[in-house]
$ cat final18.txt   # compact mmCIF, C-alpha atoms
# COMPACT_ATOMS: atom_id res chain seq x y z
CA MET A 1 108.61 104.21 113.93
CA PHE A 2 104.99 104.15 115.10
CA GLY A 3 104.67 107.88 114.39
CA ILE A 4 106.11 107.45 110.89
CA GLY A 5 103.61 104.67 110.22
CA ILE A 6 100.70 106.88 111.33
CA VAL A 7 101.83 109.73 109.05
CA VAL A 8 102.26 107.41 106.06
CA ALA A 9 98.87 105.78 106.70
CA ILE A 10 97.14 109.18 106.85
CA LEU A 11 98.77 110.39 103.63
CA VAL A 12 97.93 107.21 101.71
CA THR A 13 94.38 107.22 103.10
CA LEU A 14 93.89 110.80 101.88
CA VAL A 15 95.02 109.74 98.40
CA ALA A 16 92.62 106.78 98.46
CA VAL A 17 89.63 108.76 99.75
CA LEU A 18 89.96 112.17 98.12
CA ILE A 19 90.56 110.97 94.55
CA PRO A 20 87.36 109.61 92.90
CA TRP A 21 88.77 106.29 91.69
CA LEU A 22 85.40 104.70 90.96
CA PRO A 23 82.33 105.90 89.05
CA THR A 24 79.08 106.55 90.89
CA SER A 25 77.41 103.26 91.75
CA ALA A 26 74.10 102.53 90.00
CA SER A 27 73.57 98.85 90.87
CA LYS A 28 73.47 96.60 93.90
CA GLU A 29 76.24 94.50 92.36
CA MET A 30 78.57 97.47 92.15
CA ASP A 31 77.85 98.33 95.79
CA ARG A 32 79.08 94.87 96.77
CA ILE A 33 82.12 95.07 94.50
CA THR A 34 82.96 98.49 95.90
CA PHE A 35 82.92 96.99 99.39
CA VAL A 36 85.49 94.39 98.27
CA PHE A 37 87.58 97.18 96.74
CA TRP A 38 87.70 99.17 99.97
CA PHE A 39 88.15 96.05 102.08
CA ALA A 40 91.30 95.19 100.11
CA THR A 41 92.40 98.85 100.01
CA VAL A 42 92.29 99.18 103.81
CA ILE A 43 94.44 96.07 104.15
CA CYS A 44 96.89 97.38 101.56
CA ILE A 45 97.14 100.76 103.28
CA GLY A 46 97.96 99.07 106.58
CA ILE A 47 100.66 96.87 105.06
CA PHE A 48 102.14 99.75 103.06
CA ALA A 49 102.27 101.98 106.15
CA LEU A 50 103.98 99.23 108.18
CA VAL A 51 106.60 98.46 105.52
CA ALA A 52 107.24 102.14 104.71
CA SER A 53 107.67 103.04 108.37
CA VAL A 54 110.20 100.23 108.94
CA ILE A 55 112.16 101.24 105.83
CA ILE A 56 112.19 104.95 106.66
CA TYR A 57 113.11 104.31 110.30
CA SER A 58 115.90 101.91 109.30
CA VAL A 59 117.36 104.31 106.73
CA ILE A 60 117.45 107.13 109.28
CA THR A 61 118.59 105.14 112.31
CA PHE A 62 120.99 102.56 110.89
CA ARG A 63 122.59 104.42 108.01
CA ALA A 64 126.34 104.05 107.77
CA ALA A 65 128.61 106.94 108.65
CA PRO A 66 130.28 108.83 105.79
CA GLU A 67 133.18 106.89 104.25
CA ASP A 68 132.31 103.81 106.33
CA GLU A 69 132.71 100.91 103.91
CA SER A 70 132.94 98.14 106.49
CA ASP A 71 130.55 95.20 106.49
CA GLY A 72 127.62 95.27 108.84
CA PRO A 73 127.27 92.78 111.67
CA SER A 74 126.16 89.27 110.82
CA ILE A 75 122.60 88.84 112.09
CA HIS A 76 120.70 85.56 112.14
CA GLY A 77 117.06 85.53 111.04
CA HIS A 78 114.28 85.86 113.59
CA THR A 79 112.09 82.74 113.52
CA GLY A 80 109.14 84.46 115.18
CA LEU A 81 109.16 87.31 112.66
CA GLU A 82 109.41 84.89 109.75
CA ILE A 83 106.41 82.95 111.03
CA MET A 84 104.45 86.17 111.55
CA TRP A 85 105.11 87.68 108.11
CA THR A 86 104.14 84.38 106.53
CA ALA A 87 101.01 83.72 108.60
CA VAL A 88 99.56 87.26 108.60
CA PRO A 89 99.63 87.76 104.78
CA THR A 90 98.16 84.28 104.38
CA LEU A 91 95.24 85.19 106.65
CA LEU A 92 94.73 88.53 104.88
CA VAL A 93 94.74 87.00 101.40
CA THR A 94 92.36 84.28 102.59
CA ALA A 95 90.02 86.94 104.02
CA ILE A 96 90.02 88.82 100.69
CA ALA A 97 89.36 85.58 98.81
CA VAL A 98 86.44 84.63 101.08
CA VAL A 99 84.83 88.08 100.88
CA SER A 100 85.29 88.13 97.08
CA ALA A 101 83.75 84.66 96.68
CA ILE A 102 80.70 85.67 98.74
CA VAL A 103 80.23 88.86 96.70
CA LEU A 104 80.60 87.04 93.38
CA ALA A 105 78.05 84.43 94.44
CA LYS A 106 75.57 87.13 95.48
CA ASP A 107 76.14 89.11 92.27
CA ASP A 108 75.45 86.02 90.17
CA ALA A 109 72.26 85.15 92.07
CA GLN A 110 69.12 86.21 90.23
CA GLY A 111 66.36 87.87 92.17
CA ALA A 112 62.68 86.96 92.03
CA ASN A 113 60.94 87.57 88.69
CA PRO A 114 64.00 88.76 86.76
CA LEU A 115 63.54 90.80 83.60
CA ARG A 116 65.14 89.10 80.60
CA VAL A 117 66.78 91.23 77.95
CA ASN A 118 68.48 89.82 74.87
CA VAL A 119 71.57 91.85 74.00
CA PHE A 120 73.02 91.72 70.49
CA ALA A 121 76.50 92.99 69.67
CA GLN A 122 77.75 93.57 66.14
CA GLN A 123 80.07 95.95 64.36
CA PHE A 124 79.56 98.61 65.57
CA PHE A 125 76.40 98.96 67.65
CA TRP A 126 74.31 97.35 70.39
CA SER A 127 70.67 96.34 70.10
CA TYR A 128 68.22 94.96 72.64
CA ARG A 129 65.07 92.83 72.64
CA TYR A 130 62.57 92.16 75.42
CA PRO A 131 61.06 88.63 75.15
CA GLY A 132 58.57 89.35 77.91
CA TYR A 133 57.13 92.27 75.96
CA GLY A 134 56.50 90.81 72.53
CA ASN A 135 60.21 90.78 71.65
CA LYS A 136 60.19 94.57 71.61
CA GLU A 137 63.33 96.01 69.98
CA SER A 138 65.36 99.02 71.04
CA ASP A 139 68.74 100.58 70.38
CA VAL A 140 68.75 101.89 73.96
CA LEU A 141 68.82 99.55 76.96
CA ARG A 142 65.95 100.56 79.22
CA LEU A 143 65.67 98.94 82.64
CA PRO A 144 63.35 99.35 85.64
CA VAL A 145 65.01 100.46 88.85
CA ASN A 146 65.31 97.96 91.72
CA ARG A 147 64.38 94.95 89.61
CA SER A 148 66.62 91.98 88.92
CA VAL A 149 67.68 91.92 85.26
CA VAL A 150 69.37 89.10 83.32
CA LEU A 151 71.10 90.05 80.09
CA HIS A 152 71.41 87.20 77.56
CA MET A 153 74.15 88.17 75.11
CA THR A 154 74.89 87.24 71.52
CA ALA A 155 77.70 88.38 69.21
CA LYS A 156 76.76 88.42 65.53
CA ASP A 157 80.26 88.78 64.10
CA VAL A 158 83.41 89.22 66.23
CA ILE A 159 84.26 89.36 69.93
CA HIS A 160 82.77 92.32 71.80
CA SER A 161 82.64 93.21 75.48
CA PHE A 162 79.67 94.74 77.30
CA TRP A 163 80.48 97.27 80.03
CA VAL A 164 78.54 99.90 81.95
CA PRO A 165 81.00 101.62 84.33
CA GLU A 166 78.25 102.49 86.81
CA PHE A 167 77.22 98.82 86.97
CA ARG A 168 80.85 97.79 87.52
CA GLN A 169 80.47 94.45 85.73
CA LYS A 170 81.89 93.51 82.35
CA GLN A 171 81.07 90.58 80.08
CA ASP A 172 82.86 89.40 76.93
CA VAL A 173 80.50 88.43 74.12
CA VAL A 174 82.04 85.71 71.95
CA PRO A 175 80.49 84.38 68.72
CA GLY A 176 78.96 80.94 69.34
CA LEU A 177 78.62 81.52 73.08
CA HIS A 178 75.68 83.09 74.90
CA PRO A 179 76.83 84.42 78.28
CA THR A 180 74.52 86.05 80.79
CA LEU A 181 75.03 88.99 83.11
CA HIS A 182 72.92 89.69 86.21
CA ILE A 183 72.27 93.33 87.14
CA THR A 184 70.00 95.01 89.67
CA PRO A 185 69.92 98.76 88.89
CA ASN A 186 69.26 100.89 91.97
CA ARG A 187 69.71 104.44 90.71
CA VAL A 188 67.55 106.18 88.11
CA GLY A 189 69.59 107.82 85.37
CA THR A 190 71.30 107.48 82.00
CA TYR A 191 74.65 105.70 81.73
CA PRO A 192 76.98 104.76 78.86
CA VAL A 193 77.24 101.27 77.39
CA ILE A 194 80.78 100.73 76.11
CA CYS A 195 82.43 97.98 74.08
CA THR A 196 85.78 97.26 75.70
CA GLU A 197 87.04 94.65 73.23
CA LEU A 198 88.81 95.87 70.08
CA CYS A 199 86.31 94.81 67.41
CA GLY A 200 87.39 96.68 64.29
CA LEU A 201 87.89 100.17 62.87
CA GLY A 202 84.69 101.49 64.45
CA HIS A 203 85.36 100.08 67.91
CA ALA A 204 85.76 103.49 69.56
CA LEU A 205 82.31 104.49 68.30
CA MET A 206 80.52 101.38 69.55
CA ARG A 207 78.58 103.14 72.25
CA SER A 208 75.02 102.91 73.48
CA ARG A 209 73.02 104.04 76.51
CA VAL A 210 71.26 102.39 79.39
CA ILE A 211 68.36 104.31 80.89
CA VAL A 212 67.25 103.20 84.34
CA MET A 213 63.60 104.18 84.83
CA GLU A 214 60.92 104.08 87.46
CA PRO A 215 58.92 100.81 87.17
CA ASP A 216 55.74 102.54 86.01
CA ALA A 217 57.60 104.51 83.34
CA PHE A 218 59.34 101.35 82.13
CA GLN A 219 56.06 99.45 82.00
CA GLN A 220 54.48 102.23 79.97
CA TRP A 221 57.41 102.30 77.55
CA ALA A 222 57.61 98.52 77.21
CA SER A 223 53.87 98.23 76.53
CA LYS A 224 54.02 100.55 73.52
CA GLN A 225 54.00 98.85 70.12
CA GLY A 226 56.93 99.00 67.72
CA PRO A 227 60.67 99.54 68.19
CA SER A 228 62.04 102.53 70.06

$ encode --input "final18.txt" --output "structure tokens"
Amino acid sequence: MFGIGIVVAILVTLVAVLIPWLPTSASKEMDRITFVFWFATVICIGIFALVASVIIYSVITFRAAPEDESDGPSIHGHTGLEIMWTAVPTLLVTAIAVVSAIVLAKDDAQGANPLRVNVFAQQFFWSYRYPGYGNKESDVLRLPVNRSVVLHMTAKDVIHSFWVPEFRQKQDVVPGLHPTLHITPNRVGTYPVICTELCGLGHALMRSRVIVMEPDAFQQWASKQGPS
């Protein structure tokens, strides 16, 4: 049974590791969320391997002989096993909850001197303004790398949802509410901004870009007059 469990664990681990389930991380927040993902995945692989090995071993070892339709022996439950398979999952779920709570608290915490960006969602495009730079307007979200950013969001018409896969976080934007999203980009590059809430006939085309830049390049861009 131990050997079966090892084989199952290896096969499932290969599936988990070799398939690129997640996009490339481009923020500190996603790095933390990815840790939670793999923390829970390792626990799930262990439990799956244990359960699968017991099932496979039992099917092979205790299967009934051909044409044997007799009842099996009456077996009373094992108190120790029942305590164990209640206590262990409780501890594992508690561990996942604690790790998740710590990560969520850290992801929500703003760093020193955060950059504020006002994000506006409307059918069917995104627009951005930078209060710290004369309310500069842009149809592309430009951010400096390795700086804390707080997005203040407003929906002008219907419900939208802001999502950058490489940032891992998603925020619904509801008319009348002004939610915020904290991001700390840590990889220079260009990434898609996607609306993930059905917002009308043009929903599939409601796309934008976020460009993560070096601080000097961002400062030069932000200091220029006029929209861009």

$ residues_around --input "final18.txt" --residues "range 58-61 of chain A" --least-positions-apart "6" --cutoff "12 Å" --atoms "all atoms listed in the file" --output "list of chain:residue names"
A:Met1, A:Ile4, A:Val51, A:Ala52

$ closest_residue --input "final18.txt" --among "A:Val188, A:Val117, A:Gln220, A:Asn146" --to "Arg129 in chain A" --atoms "only C-alpha atoms"
A:Val117

$ residues_around --input "final18.txt" --residues "Ala217 in chain A" --least-positions-apart "6" --cutoff "12 Å" --atoms "all atoms listed in the file" --output "list in words"
Arg142, Leu143, Pro144, Val145, Val188, Ile211, Ser223 and Lys224 of chain A

$ residues_near_point --input "final18.txt" --point "(86.9, 102.7, 67.7)" --cutoff "12 Å" --atoms "all atoms listed in the file" --output "count of residues only"
18

$ atom_distance --input "final18.txt" --atom1 "CA of Leu14 in chain A" --atom2 "CA of Ile56 in chain A"
19.8 Å

$ residues_around --input "final18.txt" --residues "range 83-94 of chain A" --least-positions-apart "5" --cutoff "12 Å" --atoms "all atoms listed in the file" --output "PyMOL selection string"
chain A and resi 39-44+46-47+50-51+77-78+99-101

$ write_last_selection --input "final18.txt" --atoms "C-alpha atoms" --output "PDB file, in the frame of the given file"
ATOM      1  CA  PHE A  39      88.150  96.050 102.080  1.00  0.00           C
ATOM      2  CA  ALA A  40      91.300  95.190 100.110  1.00  0.00           C
ATOM      3  CA  THR A  41      92.400  98.850 100.010  1.00  0.00           C
ATOM      4  CA  VAL A  42      92.290  99.180 103.810  1.00  0.00           C
ATOM      5  CA  ILE A  43      94.440  96.070 104.150  1.00  0.00           C
ATOM      6  CA  CYS A  44      96.890  97.380 101.560  1.00  0.00           C
ATOM      7  CA  GLY A  46      97.960  99.070 106.580  1.00  0.00           C
ATOM      8  CA  ILE A  47     100.660  96.870 105.060  1.00  0.00           C
ATOM      9  CA  LEU A  50     103.980  99.230 108.180  1.00  0.00           C
ATOM     10  CA  VAL A  51     106.600  98.460 105.520  1.00  0.00           C
ATOM     11  CA  GLY A  77     117.060  85.530 111.040  1.00  0.00           C
ATOM     12  CA  HIS A  78     114.280  85.860 113.590  1.00  0.00           C
ATOM     13  CA  VAL A  99      84.830  88.080 100.880  1.00  0.00           C
ATOM     14  CA  SER A 100      85.290  88.130  97.080  1.00  0.00           C
ATOM     15  CA  ALA A 101      83.750  84.660  96.680  1.00  0.00           C
TER      16      ALA A 101
END

$ residues_around --input "final18.txt" --residues "Asp31 in chain A" --least-positions-apart "5" --cutoff "12 Å" --atoms "only C-alpha atoms" --output "ChimeraX atom specification"
/A:22-26,36-38,103-104,106-107,166-169,183-187

$ write_last_selection --input "final18.txt" --atoms "C-alpha atoms" --output "compact mmCIF listing (two decimals), keeping the file's coordinate frame"
# COMPACT_ATOMS: atom_id res chain seq x y z
CA LEU A 22 85.40 104.70 90.96
CA PRO A 23 82.33 105.90 89.05
CA THR A 24 79.08 106.55 90.89
CA SER A 25 77.41 103.26 91.75
CA ALA A 26 74.10 102.53 90.00
CA VAL A 36 85.49 94.39 98.27
CA PHE A 37 87.58 97.18 96.74
CA TRP A 38 87.70 99.17 99.97
CA VAL A 103 80.23 88.86 96.70
CA LEU A 104 80.60 87.04 93.38
CA LYS A 106 75.57 87.13 95.48
CA ASP A 107 76.14 89.11 92.27
CA GLU A 166 78.25 102.49 86.81
CA PHE A 167 77.22 98.82 86.97
CA ARG A 168 80.85 97.79 87.52
CA GLN A 169 80.47 94.45 85.73
CA ILE A 183 72.27 93.33 87.14
CA THR A 184 70.00 95.01 89.67
CA PRO A 185 69.92 98.76 88.89
CA ASN A 186 69.26 100.89 91.97
CA ARG A 187 69.71 104.44 90.71

$ residues_near_point --input "final18.txt" --point "(69.9, 101.7, 75.9)" --cutoff "9 Å" --atoms "all atoms listed in the file" --output "list in words"
Trp126, Ser127, Tyr128, Ser138, Asp139, Val140, Leu141, Arg142, Leu143, Thr190, Tyr191, Pro192, Val193, Ser208, Arg209, Val210, Ile211 and Val212 of chain A

$ atom_distance --input "final18.txt" --atom1 "CA of Ile10 in chain A" --atom2 "CA of Val54 in chain A"
16.0 Å

$ atom_distance --input "final18.txt" --atom1 "CA of Tyr130 in chain A" --atom2 "CA of Arg32 in chain A"
27.1 Å

$ closest_residue --input "final18.txt" --among "A:Ile6, A:Ile102, A:Gly80, A:Ala64" --to "Ile33 in chain A" --atoms "all atoms listed in the file"
A:Ile102

$ closest_residue --input "final18.txt" --among "A:Pro165, A:Ser53, A:Glu137, A:Gly111" --to "Trp21 in chain A" --atoms "all atoms listed in the file"
A:Pro165

$ closest_residue --input "final18.txt" --among "A:Lys156, A:His178, A:Arg63, A:Arg147" --to "Gln122 in chain A" --atoms "all atoms listed in the file"
A:Lys156

$ closest_residue --input "final18.txt" --among "A:Trp221, A:Phe120, A:Phe2, A:Phe162" --to "Ala49 in chain A" --atoms "all atoms listed in the file"
A:Phe2

$ decode --input "final18.txt" --residues "range 125-151 of chain A" --atoms "C-alpha atoms" --output "PDB file, in the first residue's frame"
ATOM      1  CA  PHE A 125     -13.225  50.453 -22.059  1.00  0.00           C
ATOM      2  CA  TRP A 126     -10.950  51.310 -19.147  1.00  0.00           C
ATOM      3  CA  SER A 127      -9.431  54.716 -18.443  1.00  0.00           C
ATOM      4  CA  TYR A 128      -6.957  55.888 -15.826  1.00  0.00           C
ATOM      5  CA  ARG A 129      -6.065  59.127 -14.044  1.00  0.00           C
ATOM      6  CA  TYR A 130      -3.080  59.979 -11.866  1.00  0.00           C
ATOM      7  CA  PRO A 131      -4.003  62.516  -9.123  1.00  0.00           C
ATOM      8  CA  GLY A 132      -0.374  62.904  -8.081  1.00  0.00           C
ATOM      9  CA  TYR A 133       0.583  64.030 -11.578  1.00  0.00           C
ATOM     10  CA  GLY A 134      -1.950  66.726 -12.367  1.00  0.00           C
ATOM     11  CA  ASN A 135      -4.754  64.196 -12.890  1.00  0.00           C
ATOM     12  CA  LYS A 136      -2.996  62.957 -15.999  1.00  0.00           C
ATOM     13  CA  GLU A 137      -5.263  60.763 -18.156  1.00  0.00           C
ATOM     14  CA  SER A 138      -4.385  57.592 -20.026  1.00  0.00           C
ATOM     15  CA  ASP A 139      -6.109  54.680 -21.722  1.00  0.00           C
ATOM     16  CA  VAL A 140      -3.174  52.460 -20.720  1.00  0.00           C
ATOM     17  CA  LEU A 141      -2.369  51.714 -17.082  1.00  0.00           C
ATOM     18  CA  ARG A 142       1.301  52.556 -16.566  1.00  0.00           C
ATOM     19  CA  LEU A 143       2.928  51.630 -13.263  1.00  0.00           C
ATOM     20  CA  PRO A 144       6.460  51.867 -11.844  1.00  0.00           C
ATOM     21  CA  VAL A 145       8.070  48.573 -10.918  1.00  0.00           C
ATOM     22  CA  ASN A 146       8.588  47.759  -7.220  1.00  0.00           C
ATOM     23  CA  ARG A 147       6.368  50.570  -5.969  1.00  0.00           C
ATOM     24  CA  SER A 148       3.188  50.122  -3.971  1.00  0.00           C
ATOM     25  CA  VAL A 149       0.138  51.103  -6.045  1.00  0.00           C
ATOM     26  CA  VAL A 150      -3.443  51.664  -4.886  1.00  0.00           C
ATOM     27  CA  LEU A 151      -6.136  51.557  -7.547  1.00  0.00           C
TER      28      LEU A 151
END
